[in-house]
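Notes to accompany the following structure.
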Amino acid sequence: MDFLLSILAILLIVVGIVGCIVPVLPGVALAYVGYLCCYFCSFSQISTKAVWIYLVLTVVVSVADYVLPMYATKIAGGSKAGERGAMAGLIVGMLLGSVVGAIFGPLFGAVLGELIADPSDTRRAFRSGAGSFISFLLGTGVKIILSFAMLFAVFGEIFPVVKDWFVNLF
């Protein structure tokens with residue numbers, strides 16, 4: 001059973017890493033399920049505390065991924081129309097199911113929302129869109145980092161020689 005759980009753990013984390021970029025997959029959540037698979041292996045030395053920490057981080061990163069584009073739009077000087085546009089663009093981009101749609105949906109949505117609210121202020125519209133886009137890149141980067149951290153932890157559990165090598169390296 002440990003062999004199957006180990007294989008499943010690695011597969012889920014790798015698919016989770018892909019899901020951090022592809023909008024139709026819940027990336028970091030899949031990586032966490034893979035981490036849990038490794039936790040339930042008989043040879044695992046993963047602490048319960050680590051499982052809870054990764055759970056909290058997974059939830060925080062997942063929620064922030066949906067809230068951050070709206071917040072960054074506001075920080076960049078966007079109005080409520082830009083925030084709503086960023087959220088609508090995110091939803092439409094995800095429904096299209098393409099990576100390009102999920103990446104650029106909030107950007108175009110924020111710009112379009114600002115232009116609908118005030119067509120004369122294009123500078124504000126593009127600043128708002130840029131804020132939304134930067135937040136998407138930041139959120140994706142954090143999700144990928146968290147997923148890779150889980151991958152390294154699982155590899156260290158499954159292959160102790162890798163863990164020993166890494167510890168001795170640093």
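Chain labels A, B, ... are given in the sequence in which chains occur in the structure tokens; within each chain residues are numbered consecutively from 1, and ligands are likewise numbered from 1 in the order shown.
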
Fill in: Shell around region 77-87 of chain A at 10 Å using only C-alpha atoms, local window under 2 positions removed, as a ChimeraX atom specification
/A:66-75,89-93,104-118,124-129,131-133

Item to complete: Step one, run DSSP on the backbone; step two, keep only residues of region 32-136 of chain A assigned to helix (DSSP H, G or I); then write them as an NGL selection string.
Response: :A and (32-39 or 48-75 or 80-96 or 99-117 or 122-136)

Worksheet item: With only C-alpha atoms as the atoms that count, which of A:Val22, A:Leu169, A:Met1, A:Ile7 lies nearest to Val99 (chain A)?
Response: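 Ranking A:Val22, A:Leu169, A:Met1, A:Ile7 by distance to Val99 (chain A), first place goes to A:Val22.
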
Item to complete: Extract, using only C-alpha atoms, all DNA, RNA and protein residues at most 10 Å from Leu30 (chain A), discarding same-chain residues fewer than 5 positions from it, and format them as a PyMOL selection string.
Response: chain A and resi 9+11-20+25+35-36+58+147

Fill in: Straight-line distance linking CA of Pro26 (chain A) with CA of Leu57 (chain A), stated in Å to one decimal
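So the answer is 14.3 Å.
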
Practice prompt. Name the residues in contact with Ser6 (chain A) at a cut-off of 12 Å, using only C-alpha atoms, excluding same-chain residues fewer than 3 positions from it; report them as a VMD selection string.
Written response: chain A and resid 1 to 3 9 to 13 33 to 44 151 154 to 159

Take the residues just selected and output them with N, CA, C and O atoms as a tab-separated table (two decimals), in the first residue's frame.
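Okay, this is what ended up in out20.tsv:
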```
chain	number	residue	atom	x	y	z
A	1	MET	N	0.82	-1.20	0.00
A	1	MET	CA	0.00	0.00	0.00
A	1	MET	C	0.87	1.26	0.00
A	1	MET	O	0.49	2.26	-0.60
A	2	ASP	N	1.99	1.21	0.69
A	2	ASP	CA	2.89	2.36	0.74
A	2	ASP	C	3.39	2.74	-0.65
A	2	ASP	O	3.51	3.92	-0.97
A	3	PHE	N	3.66	1.72	-1.46
A	3	PHE	CA	4.15	1.98	-2.82
A	3	PHE	C	3.10	2.76	-3.62
A	3	PHE	O	3.42	3.76	-4.27
A	9	ALA	N	1.09	10.13	-4.38
A	9	ALA	CA	1.53	11.40	-3.81
A	9	ALA	C	2.32	12.21	-4.84
A	9	ALA	O	2.04	13.40	-5.05
A	10	ILE	N	3.26	11.56	-5.49
A	10	ILE	CA	4.08	12.27	-6.48
A	10	ILE	C	3.23	12.71	-7.66
A	10	ILE	O	3.34	13.86	-8.12
A	11	LEU	N	2.37	11.83	-8.15
A	11	LEU	CA	1.51	12.19	-9.29
A	11	LEU	C	0.59	13.36	-8.96
A	11	LEU	O	0.45	14.29	-9.76
A	12	LEU	N	-0.03	13.33	-7.80
A	12	LEU	CA	-0.94	14.41	-7.43
A	12	LEU	C	-0.20	15.74	-7.28
A	12	LEU	O	-0.72	16.79	-7.69
A	13	ILE	N	0.99	15.69	-6.73
A	13	ILE	CA	1.73	16.94	-6.58
A	13	ILE	C	2.17	17.48	-7.94
A	13	ILE	O	2.09	18.68	-8.19
A	33	VAL	N	-3.27	17.23	-1.31
A	33	VAL	CA	-3.79	15.85	-1.21
A	33	VAL	C	-2.65	14.86	-1.44
A	33	VAL	O	-2.57	13.83	-0.77
A	34	GLY	N	-1.75	15.18	-2.36
A	34	GLY	CA	-0.56	14.33	-2.55
A	34	GLY	C	0.31	14.29	-1.31
A	34	GLY	O	0.82	13.24	-0.92
A	35	TYR	N	0.46	15.43	-0.67
A	35	TYR	CA	1.23	15.51	0.58
A	35	TYR	C	0.58	14.63	1.64
A	35	TYR	O	1.26	13.90	2.37
A	36	LEU	N	-0.76	14.66	1.72
A	36	LEU	CA	-1.48	13.81	2.67
A	36	LEU	C	-1.27	12.32	2.38
A	36	LEU	O	-1.18	11.52	3.30
A	37	CYS	N	-1.23	11.98	1.09
A	37	CYS	CA	-0.99	10.57	0.73
A	37	CYS	C	0.34	10.11	1.31
A	37	CYS	O	0.44	9.00	1.85
A	38	CYS	N	1.35	10.95	1.22
A	38	CYS	CA	2.66	10.59	1.78
A	38	CYS	C	2.60	10.51	3.30
A	38	CYS	O	3.21	9.63	3.90
A	39	TYR	N	1.83	11.40	3.91
A	39	TYR	CA	1.69	11.40	5.37
A	39	TYR	C	1.14	10.08	5.87
A	39	TYR	O	1.52	9.58	6.92
A	40	PHE	N	0.23	9.47	5.11
A	40	PHE	CA	-0.40	8.23	5.53
A	40	PHE	C	0.42	6.98	5.22
A	40	PHE	O	-0.01	5.87	5.53
A	41	CYS	N	1.58	7.14	4.61
A	41	CYS	CA	2.47	6.00	4.40
A	41	CYS	C	3.08	5.59	5.75
A	41	CYS	O	3.34	6.43	6.61
A	42	SER	N	3.31	4.30	5.90
A	42	SER	CA	3.82	3.80	7.19
A	42	SER	C	5.24	4.31	7.50
A	42	SER	O	5.60	4.43	8.66
A	43	PHE	N	6.02	4.62	6.49
A	43	PHE	CA	7.39	5.06	6.70
A	43	PHE	C	7.51	6.57	6.92
A	43	PHE	O	8.57	7.07	7.27
A	44	SER	N	6.42	7.29	6.74
A	44	SER	CA	6.46	8.74	6.79
A	44	SER	C	6.79	9.27	8.18
A	44	SER	O	6.28	8.78	9.19
A	151	LEU	N	6.35	19.02	-2.82
A	151	LEU	CA	7.02	18.00	-3.63
A	151	LEU	C	8.37	17.62	-3.02
A	151	LEU	O	8.68	16.44	-2.90
A	154	VAL	N	7.86	15.54	0.11
A	154	VAL	CA	7.44	14.16	-0.21
A	154	VAL	C	8.62	13.37	-0.75
A	154	VAL	O	8.83	12.21	-0.37
A	155	PHE	N	9.41	13.98	-1.63
A	155	PHE	CA	10.59	13.29	-2.15
A	155	PHE	C	11.54	12.93	-1.02
A	155	PHE	O	12.13	11.86	-1.01
A	156	GLY	N	11.67	13.83	-0.07
A	156	GLY	CA	12.54	13.55	1.08
A	156	GLY	C	12.04	12.40	1.92
A	156	GLY	O	12.82	11.66	2.50
A	157	GLU	N	10.73	12.24	2.01
A	157	GLU	CA	10.15	11.13	2.76
A	157	GLU	C	10.27	9.81	2.00
A	157	GLU	O	10.59	8.77	2.58
A	158	ILE	N	10.01	9.85	0.71
A	158	ILE	CA	10.02	8.63	-0.10
A	158	ILE	C	11.45	8.16	-0.36
A	158	ILE	O	11.74	6.96	-0.34
A	159	PHE	N	12.34	9.11	-0.58
A	159	PHE	CA	13.74	8.79	-0.87
A	159	PHE	C	14.62	9.44	0.20
A	159	PHE	O	15.12	10.55	0.00
```

Discussion item. If I take CA of Gly27 (chain A) and CA of Thr48 (chain A), how far is one from the other in Å, to one decimal?
Written reply: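 Answer for the CA of Gly27 (chain A) to CA of Thr48 (chain A) separation: 22.0 Å.
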